[in-house]
file coords.txt (compact mmCIF, C-alpha atoms)
# COMPACT_ATOMS: atom_id res chain seq x y z
CA MET B 1 47.75 -37.80 24.35
CA LEU B 2 44.92 -39.32 22.33
CA ARG B 3 41.41 -38.67 23.52
CA LYS B 4 40.28 -42.16 24.37
CA TYR B 5 36.99 -43.81 23.79
CA LYS B 6 35.97 -45.66 26.94
CA LYS B 7 35.34 -49.36 26.55
CA VAL B 8 31.83 -50.15 27.71
CA ASN B 9 30.97 -53.52 26.17
CA ASP B 10 32.94 -56.48 24.89
CA VAL B 11 30.94 -59.34 23.43
CA HIS B 12 32.45 -62.00 21.11
CA GLY B 13 35.61 -59.87 20.82
CA ILE B 14 33.55 -56.89 19.60
CA GLU B 15 34.25 -53.78 21.66
CA PHE B 16 31.94 -50.80 21.99
CA ARG B 17 33.83 -47.68 23.01
CA GLU B 18 31.98 -44.49 23.91
CA LYS B 19 33.37 -40.97 23.60
CA TYR B 20 30.63 -39.90 26.01
CA ILE B 21 27.33 -41.21 27.31
CA PRO B 22 24.67 -39.77 25.01
CA GLU B 23 21.62 -38.10 26.44
CA VAL B 24 18.82 -39.51 24.39
CA SER B 25 15.22 -38.66 25.12
CA LYS B 26 12.42 -41.22 25.27
CA PRO B 27 11.05 -43.03 23.38
CA THR B 28 14.45 -43.91 21.98
CA TYR B 29 14.42 -45.24 18.46
CA VAL B 30 17.40 -47.03 16.97
CA ILE B 31 17.91 -46.91 13.20
CA LEU B 32 20.29 -49.35 11.55
CA GLY B 33 22.02 -48.73 8.22
CA LEU B 34 24.30 -51.58 7.18
CA PRO B 35 25.47 -52.17 3.61
CA ASP B 36 23.49 -54.75 1.67
CA ALA B 37 21.13 -54.78 -1.35
CA GLY B 38 21.26 -51.46 -3.21
CA LEU B 39 22.98 -49.93 -0.17
CA VAL B 40 19.49 -48.71 0.77
CA GLY B 41 20.14 -48.82 4.52
CA GLY B 42 23.61 -47.29 4.30
CA ILE B 43 22.51 -44.44 2.02
CA SER B 44 19.55 -43.72 4.33
CA THR B 45 21.54 -43.54 7.56
CA GLU B 46 24.42 -41.63 5.98
CA PHE B 47 21.92 -39.07 4.72
CA LEU B 48 20.40 -38.80 8.19
CA ILE B 49 23.67 -38.34 10.07
CA THR B 50 25.17 -35.86 7.60
CA ASN B 51 22.05 -33.78 6.96
CA SER B 52 20.48 -33.72 10.40
CA GLN B 53 23.57 -32.94 12.52
CA PHE B 54 23.79 -36.27 14.32
CA LYS B 55 26.74 -36.57 16.71
CA GLU B 56 29.04 -39.56 16.81
CA PHE B 57 29.30 -40.93 20.35
CA ALA B 58 30.64 -44.46 19.99
CA GLN B 59 32.74 -46.67 17.76
CA VAL B 60 32.91 -50.41 17.42
CA TYR B 61 36.23 -52.26 17.29
CA SER B 62 37.01 -55.85 16.46
CA GLU B 63 40.15 -57.47 15.12
CA SER B 64 38.36 -60.56 13.91
CA HIS B 65 34.87 -59.39 12.91
CA LEU B 66 35.26 -56.05 11.15
CA PRO B 67 37.08 -55.56 7.84
CA PRO B 68 40.51 -53.85 7.97
CA ILE B 69 39.01 -50.61 6.71
CA SER B 70 38.99 -47.22 8.44
CA HIS B 71 36.45 -44.54 7.74
CA ILE B 72 38.19 -41.18 7.41
CA SER B 73 36.19 -38.18 8.58
CA SER B 74 37.79 -34.70 8.40
CA GLY B 75 41.21 -36.36 8.30
CA ILE B 76 40.57 -38.57 11.31
CA ALA B 77 40.57 -42.37 10.97
CA LYS B 78 37.62 -44.06 12.61
CA SER B 79 36.06 -47.49 12.94
CA PRO B 80 33.88 -48.45 9.98
CA LEU B 81 31.03 -49.13 12.41
CA SER B 82 29.93 -46.10 14.44
CA LEU B 83 26.99 -44.89 16.49
CA TYR B 84 25.43 -41.43 16.34
CA HIS B 85 22.62 -39.71 18.22
CA LYS B 86 20.29 -36.75 18.09
CA ASP B 87 17.20 -36.05 20.22
CA ASN B 88 15.56 -39.46 20.72
CA ILE B 89 17.26 -41.26 17.85
CA ILE B 90 20.36 -43.45 17.80
CA VAL B 91 21.77 -44.33 14.39
CA VAL B 92 24.07 -47.30 13.83
CA HIS B 93 25.89 -46.79 10.55
CA SER B 94 28.48 -48.94 8.87
CA TRP B 95 30.86 -47.38 6.34
CA ALA B 96 31.98 -50.82 5.18
CA ALA B 97 30.26 -54.14 4.57
CA ILE B 98 30.45 -56.60 7.45
CA PRO B 99 31.86 -59.97 6.33
CA SER B 100 29.15 -62.61 6.09
CA GLY B 101 30.93 -64.90 8.60
CA SER B 102 30.79 -62.13 11.22
CA LEU B 103 27.14 -61.13 10.86
CA GLN B 104 25.92 -63.33 13.71
CA PRO B 105 28.44 -62.18 16.36
CA VAL B 106 28.13 -58.54 15.28
CA ALA B 107 24.31 -58.75 15.48
CA SER B 108 24.50 -60.36 18.89
CA ALA B 109 26.97 -57.76 20.24
CA LEU B 110 25.05 -54.87 18.71
CA VAL B 111 21.69 -55.92 20.19
CA GLU B 112 23.35 -56.57 23.56
CA TYR B 113 24.85 -53.06 23.57
CA LEU B 114 21.68 -51.33 22.29
CA SER B 115 19.51 -53.00 24.92
CA LYS B 116 20.97 -50.66 27.56
CA PHE B 117 19.02 -47.79 25.96
CA SER B 118 15.77 -49.82 26.28
CA PRO B 119 14.57 -48.78 22.82
CA PRO B 120 10.90 -49.51 22.17
CA LEU B 121 11.81 -50.05 18.54
CA ILE B 122 14.85 -50.87 16.41
CA VAL B 123 14.31 -50.01 12.76
CA SER B 124 16.44 -51.66 10.07
CA ILE B 125 16.40 -50.38 6.50
CA THR B 126 17.15 -52.60 3.54
CA GLY B 127 16.48 -53.16 -0.15
CA LEU B 128 14.37 -55.76 -1.91
CA PRO B 129 15.99 -56.56 -5.27
CA VAL B 130 13.33 -56.69 -7.98
CA GLN B 131 13.88 -57.39 -11.66
CA ASN B 132 11.67 -54.55 -12.85
CA ARG B 133 13.21 -51.90 -10.59
CA LEU B 134 14.09 -49.68 -13.54
CA ASP B 135 10.48 -49.65 -14.71
CA LEU B 136 9.08 -48.62 -11.32
CA GLU B 137 7.95 -45.02 -10.97
CA LYS B 138 8.30 -45.24 -7.18
CA PRO B 139 9.56 -48.32 -5.31
CA THR B 140 7.14 -49.87 -2.82
CA PRO B 141 8.04 -50.21 0.87
CA TYR B 142 7.26 -53.45 2.75
CA TRP B 143 7.57 -54.34 6.41
CA ILE B 144 8.95 -57.31 8.30
CA ALA B 145 8.60 -57.45 12.10
CA ASN B 146 9.92 -59.75 14.79
CA ASP B 147 6.77 -59.42 16.87
CA GLU B 148 3.08 -59.90 16.05
CA SER B 149 1.85 -56.84 17.98
CA LEU B 150 4.40 -54.69 16.14
CA GLY B 151 3.19 -56.15 12.85
CA GLU B 152 -0.39 -55.23 13.70
CA GLU B 153 0.64 -51.69 14.61
CA VAL B 154 2.53 -51.18 11.37
CA GLU B 155 -0.28 -52.70 9.32
CA LYS B 156 -2.77 -50.24 10.81
CA THR B 157 -0.71 -47.26 9.60
CA GLY B 158 -1.02 -48.33 5.95
CA LEU B 159 2.44 -46.89 5.30
CA MET B 160 3.95 -50.15 4.08
CA LYS B 161 2.75 -53.42 2.65
CA ARG B 162 3.26 -56.62 4.60
CA PHE B 163 6.11 -58.72 3.28
CA GLU B 164 4.00 -61.82 2.93
CA GLU B 165 6.47 -64.64 2.37
CA GLY B 166 10.05 -65.06 1.32
CA TYR B 167 13.31 -64.94 3.14
CA ILE B 168 15.77 -62.40 4.35
CA ALA B 169 19.50 -63.02 4.47
CA GLY B 170 22.37 -60.67 5.22
CA PRO B 171 23.04 -58.38 8.17
CA TYR B 172 19.43 -57.77 9.20
CA ALA B 173 18.39 -61.41 9.52
CA PRO B 174 20.37 -62.19 12.71
CA ILE B 175 19.40 -58.78 14.16
CA LEU B 176 15.69 -59.67 13.78
CA LEU B 177 16.21 -62.88 15.72
CA GLU B 178 18.70 -61.55 18.28
CA SER B 179 16.45 -58.61 19.15
CA ALA B 180 13.46 -60.96 19.54
CA ARG B 181 15.57 -63.08 21.89
CA LYS B 182 16.35 -59.98 23.97
CA GLY B 183 12.71 -58.87 24.00
CA LEU B 184 13.35 -55.88 21.75
CA ARG B 185 11.03 -55.05 18.86
CA ASN B 186 12.64 -54.85 15.45
CA LEU B 187 10.97 -53.54 12.32
CA VAL B 188 12.63 -53.93 8.92
CA ILE B 189 11.61 -51.44 6.26
CA VAL B 190 12.25 -53.21 2.97
CA VAL B 191 12.07 -51.10 -0.18
CA GLU B 192 12.13 -52.40 -3.76
CA SER B 193 15.58 -51.71 -5.11
CA PHE B 194 18.45 -52.75 -7.32
CA LEU B 195 20.69 -55.55 -6.09
CA ASP B 196 24.23 -54.45 -6.89
CA LEU B 197 23.61 -50.81 -7.84
CA PRO B 198 23.36 -48.07 -5.20
CA ASP B 199 19.74 -46.95 -5.03
CA PRO B 200 19.25 -43.44 -3.55
CA GLU B 201 15.62 -43.38 -4.77
CA ALA B 202 14.80 -46.45 -2.71
CA ALA B 203 16.61 -44.87 0.26
CA ALA B 204 14.44 -41.74 -0.11
CA VAL B 205 11.29 -43.90 0.02
CA ALA B 206 12.63 -45.71 3.11
CA LEU B 207 13.36 -42.40 4.87
CA ASP B 208 9.95 -40.94 4.00
CA THR B 209 8.28 -44.07 5.37
CA LEU B 210 10.46 -44.08 8.48
CA GLY B 211 9.80 -40.38 9.10
CA LYS B 212 6.04 -40.87 8.93
CA TYR B 213 6.18 -43.96 11.14
CA ILE B 214 8.25 -42.60 14.00
CA GLY B 215 7.11 -38.99 13.57
CA ILE B 216 10.22 -37.17 12.41
CA GLN B 217 10.66 -34.73 9.55
CA VAL B 218 13.03 -35.96 6.85
CA ASP B 219 13.37 -33.85 3.72
CA THR B 220 14.74 -36.25 1.12
CA SER B 221 14.59 -33.83 -1.83
CA SER B 222 18.35 -33.16 -1.67
CA LEU B 223 19.04 -36.92 -1.63
CA LEU B 224 17.19 -37.24 -4.93
CA LYS B 225 18.83 -34.13 -6.37
CA GLU B 226 22.29 -35.41 -5.47
CA ALA B 227 21.58 -39.00 -6.50
CA GLU B 228 24.28 -39.00 -9.18
CA GLU B 229 26.91 -37.72 -6.73
CA VAL B 230 25.82 -40.23 -4.08
CA ARG B 231 26.15 -43.11 -6.56
CA ALA B 232 29.59 -41.96 -7.68
CA LYS B 233 30.78 -41.63 -4.07
CA ILE B 234 29.71 -45.06 -2.89
CA LYS B 235 30.67 -47.16 -5.90
CA GLY B 236 33.57 -48.64 -3.91
CA LEU B 237 31.33 -49.56 -0.99
CA MET B 238 28.92 -51.30 -3.37
CA GLU B 239 31.82 -53.32 -4.82
CA GLN B 240 33.05 -54.24 -1.34
CA THR B 241 29.53 -55.23 -0.26
CA ARG B 242 29.16 -57.47 -3.31
CA ARG B 243 32.48 -59.16 -2.50
CA GLU B 244 31.74 -59.64 1.20
CA MET B 245 28.22 -60.94 0.81
CA PRO B 246 27.71 -62.78 -2.44
CA GLY B 247 24.35 -64.17 -1.36
CA TYR B 248 22.89 -61.31 0.65
CA THR B 249 19.22 -60.31 0.80
CA SER B 250 17.63 -62.41 -1.84
CA VAL B 251 14.23 -61.59 -0.58
CA LYS B 252 11.11 -61.74 -2.65
CA PRO B 253 7.55 -61.12 -1.54
CA SER B 254 5.10 -63.73 -2.73
CA THR B 255 3.17 -60.94 -4.39
CA TYR B 256 6.05 -60.59 -6.85
CA ALA B 257 7.03 -64.22 -7.35
CA MET C 1 59.98 -65.57 -42.14
CA PRO C 2 57.18 -66.59 -44.54
CA ALA C 3 57.61 -66.16 -48.26
CA TYR C 4 55.57 -63.60 -50.20
CA LYS C 5 54.87 -63.38 -53.90
CA GLU C 6 54.37 -59.62 -53.96
CA LEU C 7 56.23 -56.82 -52.25
CA ASP C 8 52.81 -55.35 -51.26
CA ASP C 9 52.03 -58.46 -49.28
CA ILE C 10 55.17 -58.04 -47.20
CA PHE C 11 54.32 -54.40 -46.61
CA ASN C 12 50.68 -55.21 -45.65
CA SER C 13 51.84 -57.93 -43.32
CA ILE C 14 54.20 -55.54 -41.52
CA VAL C 15 51.45 -52.91 -41.24
CA ARG C 16 48.98 -55.45 -39.86
CA ARG C 17 51.52 -56.66 -37.32
CA GLU C 18 52.27 -53.11 -36.22
CA ILE C 19 48.55 -52.29 -35.91
CA SER C 20 48.01 -55.41 -33.86
CA ARG C 21 50.97 -54.56 -31.60
CA PHE C 22 49.68 -50.98 -31.21
CA ASN C 23 46.15 -52.22 -30.32
CA LYS C 24 47.61 -54.56 -27.72
CA GLU C 25 49.58 -51.68 -26.17
CA VAL C 26 46.47 -49.47 -26.14
CA TYR C 27 44.48 -52.29 -24.50
CA LYS C 28 47.22 -52.78 -21.88
CA LEU C 29 47.32 -49.05 -21.13
CA GLU C 30 43.54 -48.79 -20.90
CA LYS C 31 43.45 -51.79 -18.60
CA GLU C 32 45.73 -49.94 -16.23
CA PHE C 33 43.48 -46.92 -16.15
CA PHE C 34 39.91 -48.09 -16.66
CA SER C 35 37.30 -48.88 -14.03
CA THR C 36 34.68 -51.60 -14.12
CA PRO C 37 31.14 -50.25 -13.97
CA LEU C 38 28.58 -51.53 -11.48
CA LEU C 39 25.94 -53.69 -13.09
CA ASP C 40 22.91 -55.80 -12.30
CA PHE C 41 22.03 -58.74 -14.53
CA TYR C 42 18.48 -60.03 -14.38
CA SER C 43 17.16 -63.20 -15.91
CA CYS C 44 13.49 -62.73 -16.83
CA ASP C 45 11.04 -65.12 -18.50
CA ASP C 46 11.57 -64.02 -22.08
CA HIS C 47 14.60 -61.75 -21.85
CA TYR C 48 17.73 -60.77 -19.94
CA ASP C 49 18.27 -57.27 -18.61
CA CYS C 50 21.70 -55.88 -17.96
CA VAL C 51 21.52 -52.57 -16.08
CA ILE C 52 24.77 -50.60 -15.99
CA ASP C 53 25.43 -47.66 -13.71
CA VAL C 54 28.13 -45.18 -14.62
CA PRO C 55 27.56 -41.90 -12.76
CA TYR C 56 28.00 -38.85 -15.03
CA MET C 57 28.06 -41.12 -18.09
CA ASP C 58 28.82 -39.48 -21.43
CA PRO C 59 26.20 -41.16 -23.67
CA THR C 60 28.19 -40.34 -26.83
CA SER C 61 31.08 -42.51 -25.62
CA ILE C 62 29.18 -45.81 -25.38
CA TYR C 63 30.78 -48.56 -27.46
CA MET C 64 29.39 -52.08 -27.50
CA LYS C 65 30.52 -55.19 -29.29
CA VAL C 66 29.46 -58.83 -29.14
CA GLU C 67 32.10 -61.47 -29.83
CA GLY C 68 30.77 -65.00 -29.66
CA ASP C 69 28.84 -65.13 -26.41
CA VAL C 70 30.76 -62.29 -24.79
CA MET C 71 29.38 -58.76 -24.75
CA LYS C 72 32.03 -56.06 -24.44
CA LEU C 73 31.08 -52.61 -23.28
CA ARG C 74 33.15 -49.47 -23.03
CA CYS C 75 32.16 -45.92 -22.14
CA LYS C 76 33.44 -42.77 -20.49
CA ASP C 77 32.07 -40.45 -17.86
CA LYS C 78 32.01 -36.69 -18.32
CA MET C 79 35.39 -36.43 -16.54
CA GLY C 80 36.99 -38.68 -19.15
CA ASN C 81 37.37 -41.77 -16.93
CA VAL C 82 37.10 -44.96 -18.94
CA TYR C 83 34.78 -47.78 -17.87
CA GLN C 84 35.05 -51.19 -19.46
CA THR C 85 33.51 -54.56 -18.84
CA GLN C 86 32.75 -57.81 -20.57
CA ILE C 87 29.80 -60.03 -19.81
CA GLN C 88 29.52 -63.72 -20.56
CA LEU C 89 26.02 -64.14 -22.00
CA PRO C 90 23.84 -67.18 -21.35
CA ARG C 91 23.50 -69.74 -24.17
CA ASP C 92 19.88 -68.86 -24.96
CA ALA C 93 20.59 -65.13 -25.34
CA ASP C 94 19.36 -64.05 -28.78
CA LEU C 95 22.06 -61.64 -29.89
CA ASP C 96 20.06 -60.63 -32.96
CA ASN C 97 17.44 -59.24 -30.63
CA LEU C 98 19.29 -56.78 -28.47
CA LYS C 99 18.08 -53.35 -27.39
CA VAL C 100 20.20 -50.66 -25.71
CA GLU C 101 18.49 -47.73 -24.04
CA ARG C 102 19.17 -45.00 -21.51
CA ILE C 103 16.60 -45.02 -18.71
CA LYS C 104 16.96 -42.35 -16.05
CA TRP C 105 20.74 -42.34 -15.51
CA PHE C 106 21.24 -46.04 -16.29
CA LEU C 107 22.10 -47.94 -19.42
CA ARG C 108 19.84 -50.92 -19.98
CA ILE C 109 20.72 -53.67 -22.42
CA ARG C 110 17.75 -55.96 -23.03
CA ILE C 111 18.49 -59.24 -24.79
CA SER C 112 15.70 -61.58 -25.85
CA ARG C 113 15.86 -65.25 -24.88
CA ARG C 114 15.50 -67.89 -27.55
CA PRO C 115 12.56 -70.19 -26.81
CA SER C 116 13.77 -73.53 -25.50
CA THR C 117 13.31 -76.40 -27.93

call {"tool": "encode", "arguments": {"input": "coords.txt", "output": "structure tokens"}}
result
Amino acid sequence: MLRKYKKVNDVHGIEFREKYIPEVSKPTYVILGLPDAGLVGGISTEFLITNSQFKEFAQVYSESHLPPISHISSGIAKSPLSLYHKDNIIVVHSWAAIPSGSLQPVASALVEYLSKFSPPLIVSITGLPVQNRLDLEKPTPYWIANDESLGEEVEKTGLMKRFEEGYIAGPYAPILLESARKGLRNLVIVVESFLDLPDPEAAAVALDTLGKYIGIQVDTSSLLKEAEEVRAKIKGLMEQTRREMPGYTSVKPSTYA
Amino acid sequence: MPAYKELDDIFNSIVRREISRFNKEVYKLEKEFFSTPLLDFYSCDDHYDCVIDVPYMDPTSIYMKVEGDVMKLRCKDKMGNVYQTQIQLPRDADLDNLKVERIKWFLRIRISRRPST
């Protein structure tokens, strides 16, 4: 008999099934890592869940909105979109790119499900493709918020520059708006990166910034040491992301334009 | 069958045909086994940058050739896997002004842009 995941939410034909109800302490932060520019978000959250002993507690199923791809972990096939937790942090990580036509319903279902944890903050991590990425010693992190008071708080820390003007497309755009609609605060950490090349260096900057902002220790030295291995491992995901979202995250701060 | 004045010409023709056939077979075989590398192509004010990422790249295996407005690139990683790609270059790419360099673990091909007339 298969150990079943219990269905807890079903929005737009997107089912959330929990293995157990996670005990997460307060304040509960949610960190999102979905494949897009430079795979910055995906590399960041994969590093977190594999190096900080996060536990998987839920999987997301959808016949019409998720690609027909299974993530295999220790021989077990799983949904490409899974949720993990540790202490006061919930990580949403996708092992495959979400098709562009499904971003809106997935964002809506995800925010609806996450709202039950009443998180004071949802943090998304993404890349900002810049032409001179290869010439940068260290990529710069920027912030985008869906709430003015959150923007003021982040600005005061001096950890990231404000993303003055531009646009954001891809998986994080509908999440910014959906979370605002639900009254949840959403911060996007945007780090200068490559567009179609996996960028572990940018992910390390994002994790350092995130760690300082929410007060957790993240040692990213091994991520930088294993950068070559990381890039080799996720080449296929980068190719799939490029296919699924040909026009994703073409963001540009006015400071660069 | 064309006519030849010299016996050597017949021989050379056969050799050329065999070499061509052999090259086609090699190309077909490689196509079955090679991967396409990940790359970013940036259009800047006065140049184009093509950044290619082949993890564990063997720098001694890099082979590049420009045919018309198509740039062909071939290289291997340290495990012997072959990577191959061809890139259609924009019309104003100045192929006489092309620079290839290894930066960090990437291969960057910088091509100047001809000033517009």

call {"tool": "interface_residues", "arguments": {"input": "coords.txt", "of": "chain B", "to": "chain C", "cutoff": "7 Å", "atoms": "all atoms listed in the file", "output": "NGL selection string"}}
result
:B and (131 or 195-197 or 228 or 231-232)

call {"tool": "closest_residue", "arguments": {"input": "coords.txt", "among": "B:Val188, B:Val123, B:Ala145, B:Val60", "to": "Lys6 in chain B", "atoms": "all atoms listed in the file"}}
result
B:Val60

call {"tool": "closest_residue", "arguments": {"input": "coords.txt", "among": "C:Cys50, C:Pro115, C:Asp94, C:Gln86", "to": "Asn132 in chain B", "atoms": "all atoms listed in the file"}}
result
C:Cys50

call {"tool": "closest_residue", "arguments": {"input": "coords.txt", "among": "C:Leu7, C:Val15, C:Met71, C:Leu98", "to": "Gln84 in chain C", "atoms": "all atoms listed in the file"}}
result
C:Met71

call {"tool": "closest_residue", "arguments": {"input": "coords.txt", "among": "B:Ser79, B:Pro22, B:Val40, B:Thr28", "to": "Phe57 in chain B", "atoms": "all atoms listed in the file"}}
result
B:Pro22

call {"tool": "residues_around", "arguments": {"input": "coords.txt", "residues": "Phe16 in chain B", "least_positions_apart": "3", "cutoff": "12 Å", "atoms": "only C-alpha atoms", "output": "ChimeraX atom specification"}}
result
/B:5-13,19-21,57-62,79,81-83,92,106,109-114

call {"tool": "residues_around", "arguments": {"input": "coords.txt", "residues": "Pro198 in chain B", "least_positions_apart": "5", "cutoff": "8 Å", "atoms": "only C-alpha atoms", "output": "JSON, numbers by chain"}}
result
{"B": [38, 39, 40, 231, 234, 235, 238]}

call {"tool": "write_last_selection", "arguments": {"input": "coords.txt", "atoms": "C-alpha atoms", "output": "PDB file, in the frame of the given file"}}
result
ATOM      1  CA  GLY B  38      21.260 -51.460  -3.210  1.00  0.00           C
ATOM      2  CA  LEU B  39      22.980 -49.930  -0.170  1.00  0.00           C
ATOM      3  CA  VAL B  40      19.490 -48.710   0.770  1.00  0.00           C
ATOM      4  CA  ARG B 231      26.150 -43.110  -6.560  1.00  0.00           C
ATOM      5  CA  ILE B 234      29.710 -45.060  -2.890  1.00  0.00           C
ATOM      6  CA  LYS B 235      30.670 -47.160  -5.900  1.00  0.00           C
ATOM      7  CA  MET B 238      28.920 -51.300  -3.370  1.00  0.00           C
TER       8      MET B 238
END

call {"tool": "closest_residue", "arguments": {"input": "coords.txt", "among": "B:Ile168, B:Ile72, B:Ala206, B:Ile90", "to": "Lys26 in chain B", "atoms": "all atoms listed in the file"}}
result
B:Ile90

call {"tool": "residues_near_point", "arguments": {"input": "coords.txt", "point": "(18.2, -37.1, 19.3)", "cutoff": "12 Å", "atoms": "only C-alpha atoms", "output": "ChimeraX atom specification"}}
result
/B:22-31,48-49,52-57,84-91,216

call {"tool": "build_atoms", "arguments": {"input": "coords.txt", "residues": "range 36-54 of chain C", "atoms": "N, CA and C atoms", "output": "PDB file, keeping the file's coordinate frame"}}
result
ATOM      1  N   THR C  36      35.768 -50.708 -13.728  1.00  0.00           N
ATOM      2  CA  THR C  36      34.680 -51.600 -14.120  1.00  0.00           C
ATOM      3  C   THR C  36      33.379 -50.993 -13.609  1.00  0.00           C
ATOM      4  N   PRO C  37      32.398 -50.856 -14.466  1.00  0.00           N
ATOM      5  CA  PRO C  37      31.140 -50.250 -13.970  1.00  0.00           C
ATOM      6  C   PRO C  37      30.349 -51.218 -13.101  1.00  0.00           C
ATOM      7  N   LEU C  38      29.491 -50.686 -12.252  1.00  0.00           N
ATOM      8  CA  LEU C  38      28.580 -51.530 -11.480  1.00  0.00           C
ATOM      9  C   LEU C  38      27.470 -51.991 -12.399  1.00  0.00           C
ATOM     10  N   LEU C  39      27.051 -53.229 -12.252  1.00  0.00           N
ATOM     11  CA  LEU C  39      25.940 -53.690 -13.090  1.00  0.00           C
ATOM     12  C   LEU C  39      25.093 -54.743 -12.377  1.00  0.00           C
ATOM     13  N   ASP C  40      23.846 -54.763 -12.747  1.00  0.00           N
ATOM     14  CA  ASP C  40      22.910 -55.800 -12.300  1.00  0.00           C
ATOM     15  C   ASP C  40      22.505 -56.590 -13.528  1.00  0.00           C
ATOM     16  N   PHE C  41      22.442 -57.903 -13.409  1.00  0.00           N
ATOM     17  CA  PHE C  41      22.030 -58.740 -14.530  1.00  0.00           C
ATOM     18  C   PHE C  41      20.821 -59.552 -14.089  1.00  0.00           C
ATOM     19  N   TYR C  42      19.717 -59.347 -14.764  1.00  0.00           N
ATOM     20  CA  TYR C  42      18.480 -60.030 -14.380  1.00  0.00           C
ATOM     21  C   TYR C  42      18.076 -61.023 -15.452  1.00  0.00           C
ATOM     22  N   SER C  43      17.654 -62.182 -15.003  1.00  0.00           N
ATOM     23  CA  SER C  43      17.160 -63.200 -15.910  1.00  0.00           C
ATOM     24  C   SER C  43      15.635 -63.226 -15.811  1.00  0.00           C
ATOM     25  N   CYS C  44      14.961 -62.773 -16.842  1.00  0.00           N
ATOM     26  CA  CYS C  44      13.490 -62.730 -16.830  1.00  0.00           C
ATOM     27  C   CYS C  44      12.954 -63.860 -17.723  1.00  0.00           C
ATOM     28  N   ASP C  45      11.632 -63.998 -17.765  1.00  0.00           N
ATOM     29  CA  ASP C  45      11.040 -65.120 -18.500  1.00  0.00           C
ATOM     30  C   ASP C  45      11.440 -65.153 -19.969  1.00  0.00           C
ATOM     31  N   ASP C  46      11.302 -64.010 -20.639  1.00  0.00           N
ATOM     32  CA  ASP C  46      11.570 -64.020 -22.080  1.00  0.00           C
ATOM     33  C   ASP C  46      12.756 -63.136 -22.489  1.00  0.00           C
ATOM     34  N   HIS C  47      13.442 -62.589 -21.516  1.00  0.00           N
ATOM     35  CA  HIS C  47      14.600 -61.750 -21.850  1.00  0.00           C
ATOM     36  C   HIS C  47      15.576 -61.647 -20.677  1.00  0.00           C
ATOM     37  N   TYR C  48      16.750 -61.115 -20.981  1.00  0.00           N
ATOM     38  CA  TYR C  48      17.730 -60.770 -19.940  1.00  0.00           C
ATOM     39  C   TYR C  48      17.856 -59.256 -19.924  1.00  0.00           C
ATOM     40  N   ASP C  49      18.015 -58.702 -18.733  1.00  0.00           N
ATOM     41  CA  ASP C  49      18.270 -57.270 -18.610  1.00  0.00           C
ATOM     42  C   ASP C  49      19.611 -57.058 -17.938  1.00  0.00           C
ATOM     43  N   CYS C  50      20.426 -56.250 -18.577  1.00  0.00           N
ATOM     44  CA  CYS C  50      21.700 -55.880 -17.960  1.00  0.00           C
ATOM     45  C   CYS C  50      21.621 -54.375 -17.703  1.00  0.00           C
ATOM     46  N   VAL C  51      21.623 -53.987 -16.432  1.00  0.00           N
ATOM     47  CA  VAL C  51      21.520 -52.570 -16.080  1.00  0.00           C
ATOM     48  C   VAL C  51      22.889 -52.089 -15.611  1.00  0.00           C
ATOM     49  N   ILE C  52      23.407 -51.087 -16.292  1.00  0.00           N
ATOM     50  CA  ILE C  52      24.770 -50.600 -15.990  1.00  0.00           C
ATOM     51  C   ILE C  52      24.699 -49.189 -15.436  1.00  0.00           C
ATOM     52  N   ASP C  53      25.446 -48.966 -14.373  1.00  0.00           N
ATOM     53  CA  ASP C  53      25.430 -47.660 -13.710  1.00  0.00           C
ATOM     54  C   ASP C  53      26.804 -47.016 -13.791  1.00  0.00           C
ATOM     55  N   VAL C  54      26.901 -45.978 -14.587  1.00  0.00           N
ATOM     56  CA  VAL C  54      28.130 -45.180 -14.620  1.00  0.00           C
ATOM     57  C   VAL C  54      27.709 -43.732 -14.318  1.00  0.00           C
TER      58      VAL C  54
END
